[in-house]
Amino acid sequence: AGKSTIIKSIAGLLRYEGMIRIQGIPSRELEAKRIFGYVPEIPSMFEALSVREHIQYIRMAYKSPVTDQEVESLLDRFEMTDKADKLGNELSKGMMQKVSILCALAVKPQAIRELKEVILELRSQGVTVLISTHMLEMVEELWDVMFVMEKGHIKASFRKEDAGDRDLDDLFFEVTGGEKR
């Protein structure tokens, strides 16, 4: 379908003909890269840099105004404080994806809040937004319908209006048989 190719082109990772702009700025310019957070499906990390050093590298590369205190807040929010000194080659794929998200947010820390506001605005306009995530807390206030999948098959689906007081974790673990964190 070309979804990954388009996203990689916007992020400046592939060569292409034509012009891609991010808020009117050519996507190859540093200013455009500061406002576009890219989180790759398969993260790539420097083996000899720690989680904290990856974030610092991105902050320096993009001349980010994000403070050390904001980085600590992000590490805490993503439950990565205890892993901040782990090296890239010591992390699982899931942890590497979290680091990729942290690096994207280290350029523009309000990105998650803004993204949620946009999704809620689009929903109020009747637009469908499909989000694929393992981090259920990130979509807790955004969802209307949830599908729980395993090995390419839908195991269950839930509508928010039918879920009652159960949160996403409860619904997910009800299907998977796991325990809530």
# chains A, B, ... in the order shown; residues from 1 in each chain; ligands from 1
call {"tool": "residues_around", "arguments": {"residues": "Thr67 in chain A", "least_positions_apart": "4", "cutoff": "9 Å", "atoms": "only C-alpha atoms", "output": "ChimeraX atom specification"}}
result
/A:71-72,106
call {"tool": "write_last_selection", "arguments": {"atoms": "C-alpha atoms", "output": "PDB file, in the first residue's frame"}}
result
ATOM      1  CA  VAL A  71      13.663  14.579  29.760  1.00  0.00           C
ATOM      2  CA  GLU A  72      13.434  13.176  33.284  1.00  0.00           C
ATOM      3  CA  ALA A 106      12.607  15.222  23.090  1.00  0.00           C
TER       4      ALA A 106
END
call {"tool": "residues_around", "arguments": {"residues": "Arg59 in chain A", "least_positions_apart": "5", "cutoff": "12 Å", "atoms": "only C-alpha atoms", "output": "list in words"}}
result
Arg34, Arg52, Glu53, His54, Ser64, Pro65, Val66, Thr67, Asp68, Glu70, Val71, Leu102, Cys103, Ala104, Leu105, Ala106, Val107, Lys108 and Pro109 of chain A
call {"tool": "write_last_selection", "arguments": {"atoms": "C-alpha atoms", "output": "mmCIF file, in the first residue's frame"}}
result
data_model
loop_
_atom_site.group_PDB
_atom_site.id
_atom_site.type_symbol
_atom_site.label_atom_id
_atom_site.label_comp_id
_atom_site.auth_asym_id
_atom_site.auth_seq_id
_atom_site.Cartn_x
_atom_site.Cartn_y
_atom_site.Cartn_z
ATOM 1 C CA ARG A 34 11.863 19.687 14.434
ATOM 2 C CA ARG A 52 19.733 8.894 28.123
ATOM 3 C CA GLU A 53 22.580 9.442 25.635
ATOM 4 C CA HIS A 54 20.260 8.641 22.705
ATOM 5 C CA SER A 64 15.976 21.112 20.942
ATOM 6 C CA PRO A 65 14.825 23.503 23.672
ATOM 7 C CA VAL A 66 13.756 20.528 25.823
ATOM 8 C CA THR A 67 15.292 20.736 29.286
ATOM 9 C CA ASP A 68 16.947 18.014 31.372
ATOM 10 C CA GLU A 70 11.552 17.573 30.814
ATOM 11 C CA VAL A 71 13.663 14.579 29.760
ATOM 12 C CA LEU A 102 11.167 9.455 23.769
ATOM 13 C CA CYS A 103 13.601 10.764 21.138
ATOM 14 C CA ALA A 104 10.723 12.073 19.024
ATOM 15 C CA LEU A 105 9.228 13.797 22.064
ATOM 16 C CA ALA A 106 12.607 15.222 23.090
ATOM 17 C CA VAL A 107 12.369 17.477 20.051
ATOM 18 C CA LYS A 108 8.858 18.668 20.856
ATOM 19 C CA PRO A 109 7.548 17.498 24.243
#
call {"tool": "residues_around", "arguments": {"residues": "Lys155 in chain A", "least_positions_apart": "3", "cutoff": "9 Å", "atoms": "only C-alpha atoms", "output": "list in words"}}
result
Phe147, Val148, Met149, Glu150, Val175 and Thr176 of chain A
call {"tool": "select_by_dssp", "arguments": {"residues": "range 5-179 of chain A", "states": "strand (DSSP E or B)", "output": "list in words"}}
result
Arg21, Ile22, Ile25, Pro26, Ser50, Leu87, Val145, Met146, Phe147, Val148, Met149, Glu150, His153, Ile154, Lys155, Ala156, Ser157, Phe158 and Arg159 of chain A
call {"tool": "closest_residue", "arguments": {"among": "A:Glu161, A:Lys33, A:Lys86, A:Ile119", "to": "Val139 in chain A", "atoms": "only C-alpha atoms"}}
result
A:Ile119
call {"tool": "atom_distance", "arguments": {"atom1": "CA of Leu49 in chain A", "atom2": "CA of Lys63 in chain A"}}
result
18.9 Å
call {"tool": "select_by_dssp", "arguments": {"residues": "range 15-170 of chain A", "states": "helix (DSSP H, G or I)", "output": "number ranges by chain"}}
result
A: 30-34, 51-61, 68-77, 81-83, 88-90, 93-105, 111-124, 136-139, 160-163, 168-170
call {"tool": "residues_around", "arguments": {"residues": "Ile42 in chain A", "least_positions_apart": "2", "cutoff": "9 Å", "atoms": "only C-alpha atoms", "output": "list in words"}}
result
Val39, Pro40, Ser44, Lys93, Met96 and Gln97 of chain A
call {"tool": "write_last_selection", "arguments": {"atoms": "N, CA and C atoms", "output": "PDB file, in the first residue's frame"}}
result
ATOM      1  N   VAL A  39       8.636   7.837  14.475  1.00  0.00           N
ATOM      2  CA  VAL A  39       8.923   6.673  15.304  1.00  0.00           C
ATOM      3  C   VAL A  39       8.899   5.456  14.386  1.00  0.00           C
ATOM      4  N   PRO A  40      10.070   4.890  14.082  1.00  0.00           N
ATOM      5  CA  PRO A  40      10.115   3.767  13.149  1.00  0.00           C
ATOM      6  C   PRO A  40       9.481   2.504  13.720  1.00  0.00           C
ATOM      7  N   SER A  44      16.151   1.505  15.425  1.00  0.00           N
ATOM      8  CA  SER A  44      17.580   1.300  15.241  1.00  0.00           C
ATOM      9  C   SER A  44      18.297   2.154  16.277  1.00  0.00           C
ATOM     10  N   LYS A  93      13.126  -5.129  21.811  1.00  0.00           N
ATOM     11  CA  LYS A  93      12.537  -4.350  20.723  1.00  0.00           C
ATOM     12  C   LYS A  93      11.506  -3.360  21.268  1.00  0.00           C
ATOM     13  N   MET A  96      13.255  -0.505  22.790  1.00  0.00           N
ATOM     14  CA  MET A  96      13.824   0.340  21.730  1.00  0.00           C
ATOM     15  C   MET A  96      12.746   1.237  21.131  1.00  0.00           C
ATOM     16  N   GLN A  97      11.542   0.718  20.970  1.00  0.00           N
ATOM     17  CA  GLN A  97      10.453   1.536  20.444  1.00  0.00           C
ATOM     18  C   GLN A  97      10.114   2.669  21.408  1.00  0.00           C
TER      19      GLN A  97
END
call {"tool": "closest_residue", "arguments": {"among": "A:Tyr62, A:Leu171, A:Ile154, A:Gly126", "to": "Glu140 in chain A", "atoms": "only C-alpha atoms"}}
result
A:Leu171
